[in-house]
Amino acid sequence: MEIRKRVHAQNLVQWAKNKPEVLVLSADLTSSCEADSFRDTYPGRFFSMGIAEQNMLGFAGGLAREGFVPFVHTFAVFIYRRALDQIAMSVAYPNLPVKMIGFLPGVTTPGGATHQAIEDTAVMRALPNMTVLEVGDATEVENVLQIAYDIPGPVYVRMLRGEVPRLFHTPMELGKARKLTEGDDLVIVSSGLCAEECLRAVKVLETNGIQAAIYHISTLKPFQYPEIIDHIAHSRYGVISLENHTVVGGLGTCLAEAMAEAGVGKKLIRLGIQDQFLHGASRGYLMREYGMDVTALLSAVERAVGKPLLIREEDVGQVFLPAALSDAKPEAL
Amino acid sequence: MSEFDRLWAGEVDRIAKNVRLRVFQHTVEQRGGYLSQACSSGQILGALYHGLMNLPALDKPLLPDSWTGVPGPGHPARTGIKFNSNGQPGYDRFVLSPAQYALVLYAVLIETGRMDERGMKDYNRDGSSVEMIGAEHSPGMEVTTGSLGQGISQASGAAMGLRLKGETGRVFVFLSDGECQSGEFWEALQAASFHRQDNLILVVDRNGCQCDGVMDPVMNIEPFDDRFRAFGCACVRIPGHDPLALAAALDTPHEGKPLVVVCDTDPCYQMEFLRERHPKFHYIRFTQPGQWEDYRDRCAAMAKEAGQ
């Protein structure tokens with residue numbers, strides 16, 4: 001597996017080169033959000049706003065009204081938890097092109113509950129006019145800027161930083177799911193870094209003769225995937241969702257709503273954070289402990305198909321786990 | 001005082017008096033309203049619209065657009081700005097931060113020839129853009145405010161946008177003192193000062209009132225002008241019913257700093273009968289027997305005196 005370092009840092013500088021209207025706003029987490037290279041390359045387009053997110057979001061709204069496209073960079077939690085009213089009234093209501101780049105979704109930080117964005121999709125997708133995107137690999141980290149830019153309204157992105165694997169070799173497209181495997185027994189839908197866990201399960205599923213279709217979702221709102229809902233309707237065992245987010249209001253909920261509206265009465269197993277906070281620990285530990293890893297997924301498959309699986313250790317692929325303190329992360333948290 | 005100054009200040013006083021009467025009439029008709037705001041801010045808003053802000057002249061007063069729905073994809077629904085600069089380069093922007101003053105602003109627009117008074121037939125009517133607490137579709141309102149404390153952040157972002165584009169227009173923000181209790185307000189001031197935003201002008205109606213009543217027992221904000229200076233702004237404190245003092249304050253040199261004008265005002269200015277409502281002036285409602293009739297008669301007398 002190809003591992004890329006500081007993908008966003010390099011990509012942002014290159015992508016924004018001939019876009020003078022693209023500005024970056026940061027709330028004291030500039031290198032932590034890989035905006036330092038942008039700051040150093042285009043100092044006139046970078047604004048340090050201090051640890052003051054409410055003002056930063058309103059300020060971004062004002063810039064957008066004058067024709068600029070602000071890319072707000074900070075940790076995801078500090079965007080939607082600290083400045084929700086500002087996002088709602090100064091950005092979302094007027095449908096302004098403010099792009100909120102939220103770092104450290106869910107388990108991707110050992111920083112504990114204060115730093116872990118676990119309900120951001122639920123909160124942000126409830127806002128009218130808002131688009132919600134989530135990246136799952138280096139390719140999507142690179143592609144998401146242009147996709148967000150092309151949307152004529154506010155966009156919230158669950159972003160990845162540091163060492164990021166490249167899983168996909170075709171571009172991310174707005175509103176389009178990636179179909180990773182074919183099969184009609186079971187449908188598995190994941191988003192963000194959970195795609196890796198799904199890929200680890202492929203061999204085991206094959207060994208056990210389970211034909212599963214695995215989909216990867218990077219557009220969480222709008223959530224319009226009639227082909228997936230149709231696939232679930234025609235599947236033998238229903239669907240499992242796997243997300244780096246609470247199961248209340250995230251990917252699993254989106255599926256539940258879409259299935260119910262389409263009248264699809266199949267079983268849905270929602271994997272993800274089960275309505276609780278996380279705490280400070282490594283990504284591998286948290287995914288295991290809170291039931292978001294391949295083991296949890298295979299256990300859910302057993303429940304879905306109603307029989308135990310033969311799981312050989314060598315069949316479970318290796319996941320890439322970046323070191324908690326690698327040189328690709330200038331800050332520890 | 002020059003003859004021009006005397007005539008100009010007299011005209012602002014006339015505007016402010018008519019604004020108070022208009023707001024009073026609506027308060028009586030609607031059996032409630034934001035009347036004390038008209039008392040405290042009539043001269044401030046009148047002076048800003050009568051020459052202190054650089055706004056393009058209009059061929060004729062505009063009628064409010066009909067309501068077309070909230071903003072969404074392909075539908076900006078931002079129609080309030082056309083009563084001001086309409087976004088033309090070189091002119092000033094205006095942000096009404098406490099949207100609760102919307103009725104006062106509508107009255108000022110009428111009295112300064114920017115809005116057709118027939119537009120007021122839609123005031124507070126379902127399905128109209130002339131809302132009681134307006135938003136960016138409402139006459140004179142350029143952004144959506146009213147969640148207090150958010151006006152200054154949006155204004156300073158717009159001011160930075162104007163600076164980046166090399167435009168000479170300033171951004172005027174009209175604020176009420178109560179919203180200056182919010183954290184976002186001081187965040188915004190800190191950033192505007194840090195970024196040397198001297199094209200940002202704040203005019204604060206220090207009427208000492210908020211929803212819970214007079215401000216002092218709710219939350220103290222004094223020493224108000226010293227706080228602004230401590231945050232790196234240029235600040236002038238003036239008697240808020242003196243248009244010439246406001247004009248002079250806006251001439252204060254403030255290179256590299258936002259300019260703040262604190263206007264000490266009276267929520268019962270020229271309406272002494274409101275004072276018995278102390279300490280609650282935020283929204284005038286009629287709860288006592290005979291109170292509405294009393295206000296109706298006072299309003300009629302005031303209209304008669306104004307020659308209506």
# chains A, B, ... in the order shown; residues from 1 in each chain; ligands from 1

$ closest_atom_pairs --of "chain A" --to "chain B" --cutoff "7 Å" --atoms "only C-alpha atoms" --output "CSV"
residue,atom,partner,partner_atom,distance
A:Met49,CA,B:Ala191,CA,6.3
A:Ala52,CA,B:Glu187,CA,5.9
A:Gln54,CA,B:Glu184,CA,5.8
A:Asn55,CA,B:Ser153,CA,5.2
A:Gly58,CA,B:Gln154,CA,4.7
A:Phe59,CA,B:Gly157,CA,3.9
A:Ala60,CA,B:Gly157,CA,6.0
A:Gly61,CA,B:Gln154,CA,5.8
A:Gly62,CA,B:Gly157,CA,4.0
A:Leu63,CA,B:Gly157,CA,4.7
A:Arg65,CA,B:Ala158,CA,6.7
A:Glu66,CA,B:Gly161,CA,5.5
A:Gln86,CA,B:Gln150,CA,6.8
A:Met89,CA,B:Thr144,CA,6.7
A:Ser90,CA,B:Thr144,CA,6.7
A:Tyr93,CA,B:Pro71,CA,6.5
A:Pro94,CA,B:Pro71,CA,5.5
A:Asn95,CA,B:Gly72,CA,5.9
A:Asn129,CA,B:Gly72,CA,6.2

$ select_by_dssp --residues "region 7-233 of chain B" --states "alpha helix (DSSP H)" --output "ChimeraX atom specification"
/B:7-29,35-47,102-111,150-164,183-194,224-230

$ closest_residue --among "A:Thr170, A:Gln116, A:Ser241, A:Ser48" --to "Leu29 (chain A)" --atoms "only C-alpha atoms"
A:Ser48

$ closest_residue --among "B:Gln210, B:Arg237, B:Arg114, B:Gly119" --to "Pro279 (chain B)" --atoms "only C-alpha atoms"
B:Gln210

$ select_by_dssp --residues "region 2-206 of chain B" --states "strand (DSSP E or B)" --output "VMD selection string"
chain B and resid 32 to 33 62 72 75 93 to 96 115 171 to 176 200 to 206
